[in-house]
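A.B. asks: File query-v9.cif follows (mmCIF, C-alpha atoms):
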```cif
data_structure
#
loop_
_atom_site.label_atom_id
_atom_site.label_comp_id
_atom_site.auth_asym_id
_atom_site.auth_seq_id
_atom_site.Cartn_x
_atom_site.Cartn_y
_atom_site.Cartn_z
CA MET A 1 41.12 -25.77 -31.44
CA ALA A 2 39.88 -24.64 -34.81
CA ASP A 3 41.38 -21.18 -34.65
CA GLU A 4 44.13 -21.83 -32.19
CA PRO A 5 46.90 -19.26 -32.65
CA ALA A 6 50.47 -20.37 -33.22
CA SER A 7 52.28 -20.83 -29.90
CA ALA A 8 55.55 -19.16 -28.97
CA THR A 9 57.49 -22.31 -29.89
CA ASP A 10 55.71 -22.38 -33.28
CA MET A 11 56.88 -18.86 -33.91
CA ASN A 12 60.45 -19.70 -33.00
CA ALA A 13 60.93 -22.98 -34.79
CA PRO A 14 63.13 -22.57 -37.86
CA LEU A 15 61.54 -23.53 -41.17
CA HIS A 16 63.84 -26.47 -41.84
CA GLU A 17 62.94 -27.90 -38.45
CA ILE A 18 59.22 -27.46 -39.10
CA ASP A 19 59.67 -29.22 -42.43
CA ARG A 20 61.55 -32.07 -40.77
CA ILE A 21 58.86 -32.43 -38.10
CA GLU A 22 56.12 -32.53 -40.75
CA ARG A 23 58.03 -35.14 -42.71
CA LEU A 24 58.58 -37.36 -39.67
CA VAL A 25 54.97 -36.96 -38.55
CA GLY A 26 53.90 -38.03 -42.05
CA LEU A 27 56.08 -41.13 -41.85
CA GLU A 28 54.69 -41.86 -38.40
CA ALA A 29 51.11 -41.61 -39.68
CA ASP A 30 51.95 -43.87 -42.64
CA GLY A 31 53.55 -46.48 -40.36
CA GLU A 32 56.91 -46.00 -42.11
CA LEU A 33 58.98 -44.66 -39.23
CA ASP A 34 62.13 -46.69 -38.55
CA GLU A 35 63.81 -46.80 -35.15
CA GLU A 36 66.36 -44.10 -35.91
CA ARG A 37 63.75 -41.63 -37.07
CA ARG A 38 61.41 -42.58 -34.25
CA ARG A 39 64.14 -41.42 -31.87
CA GLU A 40 64.66 -38.27 -33.94
CA LEU A 41 60.95 -37.47 -33.73
CA ALA A 42 60.93 -38.14 -29.99
CA ALA A 43 63.87 -35.75 -29.56
CA LEU A 44 62.14 -33.08 -31.65
CA GLU A 45 58.94 -33.59 -29.71
CA ALA A 46 60.80 -33.06 -26.45
CA ARG A 47 62.08 -29.72 -27.75
CA ARG A 48 59.07 -28.60 -29.82
CA PRO A 49 55.98 -30.33 -28.41
CA ALA A 50 53.58 -27.70 -29.76
CA GLU A 51 55.03 -27.90 -33.25
CA VAL A 52 54.85 -31.70 -33.35
CA GLU A 53 51.29 -31.62 -32.07
CA ARG A 54 50.35 -29.01 -34.69
CA ALA A 55 51.87 -31.15 -37.46
CA ARG A 56 49.93 -34.20 -36.30
CA ARG A 57 46.70 -32.24 -36.03
CA GLU A 58 47.12 -30.74 -39.50
CA LEU A 59 47.86 -34.09 -41.08
CA ARG A 60 44.77 -35.63 -39.47
CA HIS A 61 42.72 -32.72 -40.78
CA LEU A 62 44.18 -33.04 -44.27
CA ARG A 63 43.35 -36.73 -44.32
CA ARG A 64 39.81 -36.10 -43.13
CA MET A 65 39.37 -33.54 -45.88
CA MET A 66 40.76 -35.90 -48.51
CA ARG A 67 38.16 -38.46 -47.54
CA ALA A 68 35.54 -35.99 -48.78
CA ASP A 69 36.71 -36.58 -52.35
CA ARG A 70 34.32 -39.29 -53.51
CA VAL A 71 34.52 -41.46 -56.58
CA PRO A 72 31.33 -42.10 -58.54
CA PRO A 73 30.36 -45.72 -59.18
CA ALA A 74 31.90 -47.30 -62.25
CA PRO A 75 29.77 -46.79 -65.36
CA ALA A 76 27.34 -49.63 -66.09
CA GLY A 77 28.54 -52.32 -68.47
CA GLN A 78 32.22 -51.76 -67.67
CA ARG A 79 32.96 -55.47 -67.33
CA ASP A 80 31.64 -56.16 -70.84
CA ARG A 81 33.65 -53.27 -72.26
CA ILE A 82 36.80 -54.61 -70.59
CA LEU A 83 36.14 -58.03 -72.07
CA ARG A 84 35.64 -56.57 -75.55
CA ARG A 85 38.81 -54.47 -75.27
CA VAL A 86 40.84 -57.45 -74.02
CA ARG A 87 39.62 -59.60 -76.91
CA ALA A 88 40.35 -56.84 -79.44
CA ALA A 89 43.84 -56.27 -78.02
CA GLN A 90 44.61 -59.98 -78.14
CA ALA A 91 43.33 -60.30 -81.71
CA GLU A 92 45.47 -57.34 -82.74
CA ASP A 93 48.46 -58.86 -80.97
CA ARG A 94 47.96 -62.20 -82.74
CA ALA A 95 47.67 -60.42 -86.10
CA GLU A 96 50.87 -58.47 -85.41
CA ARG A 97 52.69 -61.64 -84.40
CA SER A 98 51.61 -63.44 -87.57
CA LEU A 99 52.93 -60.52 -89.61
CA LEU A 100 56.21 -60.39 -87.73
CA PRO A 101 58.27 -62.72 -90.00
CA PHE A 102 57.04 -60.80 -93.05
CA VAL A 103 57.89 -57.45 -91.40
CA ARG A 104 61.37 -58.73 -90.56
CA LEU A 105 61.88 -59.85 -94.15
CA VAL A 106 60.74 -56.51 -95.54
CA THR A 107 62.96 -54.63 -93.07
CA ALA A 108 66.00 -56.71 -94.02
CA ALA A 109 65.30 -56.20 -97.73
CA ALA A 110 64.86 -52.45 -97.22
CA ALA A 111 68.14 -52.29 -95.30
CA ALA A 112 69.94 -54.15 -98.08
CA LEU A 113 68.47 -51.82 -100.70
CA LEU A 114 69.52 -48.78 -98.70
CA LEU A 115 73.05 -50.11 -98.41
CA LEU A 116 73.18 -50.72 -102.15
CA ALA A 117 71.84 -47.24 -102.84
CA ALA A 118 74.36 -45.71 -100.47
CA TRP A 119 77.36 -47.62 -101.89
CA PRO A 120 78.27 -45.09 -104.61
CA ALA A 121 78.25 -42.35 -102.00
CA VAL A 122 80.65 -44.37 -99.84
CA VAL A 123 82.98 -44.93 -102.81
CA GLY A 124 82.48 -41.31 -103.88
CA GLY A 125 83.40 -40.17 -100.39
CA ARG A 126 86.83 -41.73 -100.84
CA ALA A 127 87.17 -39.92 -104.17
CA VAL A 128 86.26 -36.61 -102.55
CA ARG A 129 88.89 -37.14 -99.86
CA ALA A 130 91.45 -37.91 -102.58
CA ASP A 131 90.45 -34.72 -104.43
CA GLU A 132 90.93 -32.67 -101.28
CA ARG A 133 94.35 -34.17 -100.83
CA SER A 134 95.42 -33.26 -104.36
CA LEU A 135 94.06 -29.75 -103.86
CA LEU A 136 96.22 -29.34 -100.78
CA ASP A 137 99.10 -30.72 -102.72
CA ARG A 138 98.50 -28.18 -105.44
CA ARG A 139 98.56 -25.36 -102.98
CA GLY A 140 101.88 -26.54 -101.76
CA VAL A 141 100.77 -26.91 -98.18
CA GLU A 142 102.10 -30.35 -97.88
CA ASP A 143 105.42 -29.36 -99.44
CA GLU A 144 105.67 -26.52 -97.02
CA LEU A 145 105.01 -28.79 -94.06
CA ARG A 146 107.62 -31.22 -95.29
CA ALA A 147 110.13 -28.40 -95.64
CA LEU A 148 109.38 -27.25 -92.11
CA GLU A 149 109.78 -30.78 -90.91
CA ARG A 150 113.18 -31.01 -92.58
CA ASP A 151 114.19 -27.75 -90.89
CA GLY A 152 113.74 -29.28 -87.49
CA GLY A 153 110.06 -29.96 -86.93
CA VAL A 154 106.76 -28.31 -87.64
CA ASP A 155 106.46 -24.99 -85.87
CA LEU A 156 102.74 -24.47 -86.11
CA VAL A 157 102.88 -20.80 -85.12
CA ARG A 158 105.52 -20.05 -87.73
CA PHE A 159 103.65 -22.02 -90.31
CA LEU A 160 100.37 -20.18 -89.64
CA GLU A 161 102.10 -16.80 -89.63
CA ARG A 162 103.59 -17.57 -92.99
CA ARG A 163 100.43 -18.88 -94.53
CA LEU A 164 97.90 -16.51 -93.06
CA LEU A 165 99.77 -13.26 -92.41
CA GLY A 166 102.30 -13.59 -95.20
CA ARG A 167 105.22 -13.09 -92.78
CA GLY A 168 108.50 -14.60 -93.90
CA ASP A 169 111.17 -16.11 -91.73
CA MET B 170 47.95 -59.60 -47.62
CA SER B 171 44.80 -58.02 -46.34
CA ARG B 172 44.90 -54.26 -46.43
CA SER B 173 41.65 -52.41 -46.39
CA VAL B 174 40.27 -49.92 -48.83
CA GLU B 175 36.95 -48.31 -49.57
CA GLY B 176 34.27 -50.73 -50.55
CA GLY B 177 32.51 -50.73 -53.88
CA THR B 178 29.68 -52.43 -55.65
CA GLY B 179 30.24 -54.96 -58.36
CA GLU B 180 28.18 -55.71 -61.43
CA THR B 181 29.37 -59.23 -61.83
CA GLY B 182 26.47 -60.88 -60.09
CA LYS B 183 28.98 -62.51 -57.76
CA GLU B 184 28.98 -62.06 -54.05
CA PRO B 185 31.37 -59.24 -53.20
CA PRO B 186 34.01 -59.74 -50.52
CA SER B 187 32.44 -59.20 -47.11
CA SER B 188 32.82 -55.88 -45.31
CA ASN B 189 34.32 -55.52 -41.89
CA ASP B 190 33.11 -53.25 -39.11
CA GLN B 191 34.45 -50.10 -40.75
CA GLY B 192 32.56 -50.82 -43.97
CA VAL B 193 35.76 -51.56 -45.87
CA VAL B 194 36.67 -54.66 -47.83
CA PRO B 195 39.91 -56.61 -47.76
CA LEU B 196 42.20 -55.66 -50.64
CA VAL B 197 42.57 -59.26 -51.73
CA ASP B 198 39.82 -61.76 -51.23
CA GLU B 199 41.72 -64.62 -49.71
CA ARG B 200 39.01 -67.08 -50.71
CA VAL B 201 40.29 -66.89 -54.25
CA ASP B 202 43.52 -68.58 -55.23
CA GLU B 203 44.97 -65.68 -57.16
CA ARG B 204 48.08 -67.53 -58.25
CA SER B 205 46.18 -70.31 -59.94
CA LEU B 206 43.93 -67.74 -61.64
CA ILE B 207 47.00 -65.96 -63.02
CA LEU B 208 48.56 -69.22 -64.21
CA ARG B 209 45.32 -70.25 -65.91
CA ALA B 210 44.85 -66.80 -67.46
CA ARG B 211 48.41 -66.98 -68.80
CA GLU B 212 47.47 -70.13 -70.67
CA GLY B 213 44.64 -68.26 -72.34
CA ASP B 214 41.80 -69.17 -69.96
CA GLU B 215 39.47 -66.21 -70.45
CA GLU B 216 37.25 -67.15 -67.51
CA ALA B 217 40.25 -67.04 -65.18
CA PHE B 218 41.24 -63.63 -66.52
CA LEU B 219 37.69 -62.38 -66.00
CA GLU B 220 37.83 -63.54 -62.40
CA LEU B 221 40.94 -61.41 -61.96
CA VAL B 222 39.06 -58.54 -63.59
CA ASP B 223 36.19 -59.02 -61.13
CA LEU B 224 38.61 -59.05 -58.21
CA TYR B 225 40.33 -55.79 -59.06
CA ARG B 226 38.06 -53.79 -61.36
CA GLU B 227 36.52 -51.59 -58.66
CA ARG B 228 39.87 -50.66 -57.17
CA ILE B 229 41.42 -50.00 -60.56
CA TRP B 230 38.41 -47.85 -61.42
CA ARG B 231 38.86 -45.74 -58.29
CA ILE B 232 42.56 -45.18 -58.99
CA ALA B 233 41.92 -44.37 -62.66
CA TYR B 234 39.15 -41.94 -61.79
CA ARG B 235 41.21 -40.19 -59.13
CA ILE B 236 44.06 -39.71 -61.58
CA VAL B 237 42.22 -38.65 -64.75
CA ARG B 238 39.21 -37.05 -62.97
CA ASP B 239 36.71 -37.85 -65.69
CA SER B 240 34.32 -40.83 -65.77
CA GLU B 241 34.54 -41.48 -69.50
CA GLU B 242 38.32 -41.17 -69.59
CA ALA B 243 38.71 -43.29 -66.45
CA ASP B 244 36.51 -46.01 -67.95
CA ASP B 245 38.79 -46.04 -70.97
CA VAL B 246 41.87 -46.24 -68.72
CA VAL B 247 40.41 -49.25 -66.89
CA GLN B 248 39.76 -51.06 -70.18
CA ASP B 249 43.21 -50.17 -71.45
CA ALA B 250 44.87 -51.32 -68.22
CA PHE B 251 43.22 -54.74 -68.31
CA ALA B 252 43.93 -55.11 -72.04
CA ARG B 253 47.63 -54.33 -71.41
CA ALA B 254 47.64 -56.73 -68.45
CA SER B 255 46.20 -59.54 -70.58
CA LEU B 256 48.90 -59.00 -73.21
CA HIS B 257 51.78 -58.88 -70.73
CA LEU B 258 50.57 -61.46 -68.23
CA ARG B 259 53.33 -63.84 -69.33
CA ARG B 260 55.89 -61.32 -68.12
CA PHE B 261 54.40 -61.24 -64.62
CA ASP B 262 56.89 -63.16 -62.48
CA PHE B 263 55.17 -63.11 -59.05
CA ARG B 264 58.03 -61.08 -57.56
CA ALA B 265 55.64 -58.20 -56.87
CA GLY B 266 52.00 -58.67 -55.90
CA PHE B 267 49.59 -58.95 -58.82
CA TYR B 268 47.68 -55.92 -57.59
CA THR B 269 50.89 -53.83 -57.41
CA TRP B 270 51.72 -54.93 -60.97
CA LEU B 271 48.23 -54.09 -62.15
CA VAL B 272 48.36 -50.67 -60.51
CA SER B 273 51.66 -49.88 -62.26
CA ILE B 274 50.00 -50.75 -65.58
CA THR B 275 47.05 -48.55 -64.63
CA ARG B 276 49.42 -45.71 -63.79
CA ASN B 277 51.00 -45.94 -67.26
CA ALA B 278 47.60 -46.13 -68.94
CA ALA B 279 46.32 -43.15 -66.92
CA PHE B 280 49.40 -41.01 -67.63
CA ASP B 281 49.16 -41.89 -71.34
CA ALA B 282 45.48 -40.89 -71.29
CA LEU B 283 46.33 -37.56 -69.65
CA ARG B 284 49.05 -36.85 -72.22
CA SER B 285 46.67 -37.69 -75.04
CA ALA B 286 43.91 -35.55 -73.47
CA ARG B 287 46.37 -32.65 -73.28
CA ARG B 288 47.23 -33.06 -76.96
CA ARG B 289 43.53 -33.06 -77.81
CA GLY B 290 43.09 -29.92 -75.73
CA ARG B 291 41.03 -31.75 -73.16
CA LEU B 292 43.11 -30.70 -70.20
CA ARG B 293 41.00 -30.81 -67.09
CA LEU B 294 41.49 -28.64 -64.10
CA GLY B 295 40.35 -29.60 -60.67
CA ASP B 296 36.92 -28.05 -60.75
CA GLU B 297 35.95 -29.39 -64.15
CA GLY B 298 33.98 -32.57 -64.21
CA PHE B 299 33.08 -32.24 -60.57
CA GLU B 300 29.83 -34.01 -59.94
CA GLN B 301 27.78 -33.46 -56.84
CA ARG B 302 28.20 -36.92 -55.45
CA PRO B 303 26.66 -38.19 -52.28
CA ALA B 304 28.95 -36.50 -49.80
CA THR B 305 25.75 -35.81 -47.89
CA ARG B 306 23.69 -37.98 -45.60
CA GLU B 307 19.94 -37.76 -45.41
CA ASP B 308 19.83 -37.80 -41.63
CA ASP B 309 22.05 -34.70 -41.37
CA ASP B 310 20.87 -31.15 -41.26
CA PRO B 311 21.06 -29.14 -44.50
CA VAL B 312 23.81 -26.84 -43.19
CA ARG B 313 26.15 -29.75 -42.46
CA ASN B 314 25.29 -31.30 -45.82
CA ALA B 315 26.11 -28.05 -47.59
CA GLU B 316 29.40 -27.81 -45.66
CA ARG B 317 30.32 -31.36 -46.65
CA ALA B 318 29.49 -30.69 -50.28
CA GLU B 319 31.61 -27.54 -50.22
CA THR B 320 34.56 -29.40 -48.66
CA ALA B 321 34.22 -32.14 -51.28
CA ARG B 322 34.30 -29.54 -54.05
CA LYS B 323 37.38 -27.82 -52.59
CA VAL B 324 39.28 -31.07 -52.12
CA HIS B 325 38.33 -32.30 -55.58
CA GLU B 326 39.56 -29.05 -57.09
CA ALA B 327 42.79 -29.03 -55.05
CA LEU B 328 43.60 -32.68 -55.89
CA GLY B 329 42.96 -31.87 -59.54
CA ARG B 330 45.49 -29.05 -59.39
CA LEU B 331 48.28 -31.28 -58.12
CA LYS B 332 50.75 -32.63 -60.65
CA GLU B 333 49.66 -36.08 -61.78
CA ARG B 334 52.68 -37.74 -60.16
CA ASP B 335 51.95 -36.09 -56.80
CA ARG B 336 48.28 -37.00 -57.13
CA MET B 337 49.19 -40.60 -57.89
CA LEU B 338 51.40 -40.78 -54.79
CA LEU B 339 48.63 -39.46 -52.56
CA VAL B 340 46.00 -41.69 -54.14
CA LEU B 341 48.09 -44.82 -53.61
CA ARG B 342 49.00 -43.88 -50.06
CA GLU B 343 45.86 -42.22 -48.75
CA PHE B 344 43.09 -44.02 -50.61
CA GLU B 345 44.61 -47.37 -51.49
CA GLY B 346 46.62 -47.71 -48.28
CA MET B 347 49.72 -48.97 -50.08
CA LYS B 348 53.07 -49.18 -48.30
CA TYR B 349 55.94 -47.01 -49.56
CA GLU B 350 57.76 -50.06 -50.92
CA GLU B 351 54.76 -51.05 -53.04
CA ILE B 352 54.29 -47.47 -54.22
CA ALA B 353 57.96 -47.41 -55.23
CA LYS B 354 57.37 -50.51 -57.37
CA VAL B 355 54.33 -48.92 -59.00
CA MET B 356 56.11 -45.65 -59.67
CA GLY B 357 59.39 -47.29 -60.70
CA CYS B 358 61.48 -45.29 -58.22
CA ALA B 359 63.32 -45.65 -54.92
CA VAL B 360 61.48 -45.80 -51.57
CA GLY B 361 63.25 -42.57 -50.54
CA THR B 362 61.80 -40.83 -53.59
CA VAL B 363 58.31 -41.97 -52.59
CA GLU B 364 58.90 -40.68 -49.07
CA SER B 365 59.96 -37.23 -50.30
CA GLY B 366 57.24 -37.22 -52.94
CA ILE B 367 54.44 -37.92 -50.48
CA HIS B 368 55.75 -35.28 -48.08
CA ARG B 369 55.94 -32.74 -50.91
CA ALA B 370 52.50 -33.67 -52.27
CA ARG B 371 50.91 -33.25 -48.84
CA LYS B 372 52.50 -29.84 -48.43
CA LYS B 373 51.24 -28.77 -51.85
CA LEU B 374 47.75 -30.04 -51.14
CA LYS B 375 47.71 -28.25 -47.79
CA LYS B 376 48.77 -25.05 -49.55
CA LEU B 377 46.11 -25.50 -52.23
CA LEU B 378 43.51 -25.95 -49.54
CA GLY B 379 44.97 -22.80 -47.97
CA GLY B 380 43.37 -21.47 -44.86
CA GLU B 381 41.78 -24.85 -44.10
CA ARG B 382 43.40 -25.24 -40.72
CA PRO B 383 42.14 -27.74 -38.16
#
```
Can you give me the file's structure in the form of structure tokens?
C.D. replies:
Amino acid sequence: MADEPASATDMNAPLHEIDRIERLVGLEADGELDEERRRELAALEARRPAEVERARRELRHLRRMMRADRVPPAPAGQRDRILRRVRAAQAEDRAERSLLPFVRLVTAAAAALLLLAAWPAVVGGRAVRADERSLLDRRGVEDELRALERDGGVDLVRFLERRLLGRGD
Amino acid sequence: MSRSVEGGTGETGKEPPSSNDQGVVPLVDERVDERSLILRAREGDEEAFLELVDLYRERIWRIAYRIVRDSEEADDVVQDAFARASLHLRRFDFRAGFYTWLVSITRNAAFDALRSARRRGRLRLGDEGFEQRPATREDDDPVRNAERAETARKVHEALGRLKERDRMLLVLREFEGMKYEEIAKVMGCAVGTVESGIHRARKKLKKLLGGERP
């Protein structure tokens, strides 16, 4: 069985079908096959018995091989190290909790200070927007738009042609 | 709940759960009232928490080792997992099994350890850290022993080359015997994702062990 060549049905089975068979065989081996898929596997087995058998055999082999991967025994003194780590983590947690109100206070104070520091920029931002507006006014853009509006609405294409390409009406 | 997994030796001085005919131990020792231990541990009873540690330490060790593939690192993961569990025990709501909850904490601790090892440049590949462990039996002939040792080395190397998520899926399914639904809880994903993941991981492992046909 070790070097058994692929049978004729193996050669003919399309890849997606082989993949499906392997998936269903895996579910079967894991005890996770529901009724619908049990029927599907039975139908596939009726059509491709060699392929289903190969998939089962390969999975059994893979599992046997995996069992060869051994885990060494846990290092000596692990229980004591766990206990020390648990105690340290809990002490750290308690310390953090006792600091929590103070941290909240500091955070709130820092937020308030930041807001105060940022206030001039907020007010300044309004001033900048006002400056931009007056600049536009100076360039007559707004006047021009108003004139266009009076003439029967803003024709954006005409407006851009006039401003950017210097074309008149 | 009484799944079976590989047995292990304890260092607690307590009598370990008894083995069955296949030399495996029940996953949860039903002699211990786990719920009352958890409730007591939640209230800060250190002895109760240590009893939970004694119940699960060996299994958590095996999972940690199989994921990080290094004794020192795995020992650290085990400590970290139990420390995290002790801090978050109040959040445990008994909806999942305690073991499933503990394994999901171990998974996070192990993945964090791997990320940190990568940052430190301590990325291990499958063949690194491989120790010649007793995959041999004294009553066997030397040729068979050598074959077993070679298989163990190949499998160890191939498992180490899988992505950590794929390795975790295989470890939980193949070594810990967990059901897909429990694995989904541990991995924080849908059962369908576990199903596809295990299928994909097996295919990859088979490919990595290339040529090893039955």
A.B. asks: Would you mind listing, as number ranges by chain, all residues of chain A that have at least one atom within 6 Å of chain B, where all atoms listed in the file are what counts?
C.D. replies: A: 2, 23, 58, 61, 68-69, 82, 86
A.B. asks: Using only C-alpha atoms, which of the listed residues (A:Arg54, A:Pro75, A:Ile21, A:Val106) sits closest to Leu41 of chain A?
C.D. replies: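 Once distances to Leu41 of chain A are computed over only C-alpha atoms, the minimum belongs to A:Ile21.
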A.B. asks: Evaluate the PyMOL selection byres ((chain B and resi 211) around 10) here and jot the selected residues down as a list in words.
C.D. replies: Ser205, Leu206, Ile207, Leu208, Arg209, Ala210, Glu212, Gly213, Asp214, Glu215, Ala217, Phe218, Ser255, Leu256, His257, Leu258, Arg259, Arg260 and Phe261 of chain B
A.B. asks: Determine the residue set returned by the PyMOL selection byres ((chain B and resi 276) around 8) for the present structure, and present it as a list in words.
C.D. replies: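 Expected selection for the PyMOL selection byres ((chain B and resi 276) around 8) here is Ala233, Val272, Ser273, Ile274, Thr275, Asn277, Ala278, Ala279, Phe280, Met337, Val355 and Met356 of chain B.
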A.B. asks: Which distance in Å separates atom CA of Asp262 of chain B and atom CA of Arg81 of chain A, to one decimal?
C.D. replies: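 Calculated distance between atom CA of Asp262 of chain B and atom CA of Arg81 of chain A is 27.1 Å.
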A.B. asks: Expressed in Å to a single decimal, how great is the separation between atom CA of Ile229 of chain B and atom CA of Glu92 of chain A?
C.D. replies: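 Separation of atom CA of Ile229 of chain B and atom CA of Glu92 of chain A: 23.7 Å.
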A.B. asks: How far is it from atom CA of Ala370 of chain B to atom CA of Arg334 of chain B, in Å with one decimal?
C.D. replies: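 According to the coordinates, atom CA of Ala370 of chain B and atom CA of Arg334 of chain B are separated by 8.9 Å.
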A.B. asks: Extending 5 Å beyond the listed atoms of segment 349-366 of chain B on each side, what axis-aligned box results? I want centre and edge lengths in Å to one decimal, as lines of an AutoDock Vina configuration file.
C.D. replies:
```
center_x = 58.8
center_y = -44.1
center_z = -54.9
size_x = 19.0
size_y = 23.8
size_z = 21.6
```
A.B. asks: Specify as a PyMOL selection string each residue included when the PyMOL selection byres ((chain A and resi 44) around 12) is applied to this file.
C.D. replies: chain A and resi 9+13+17-25+37-43+45-53+55
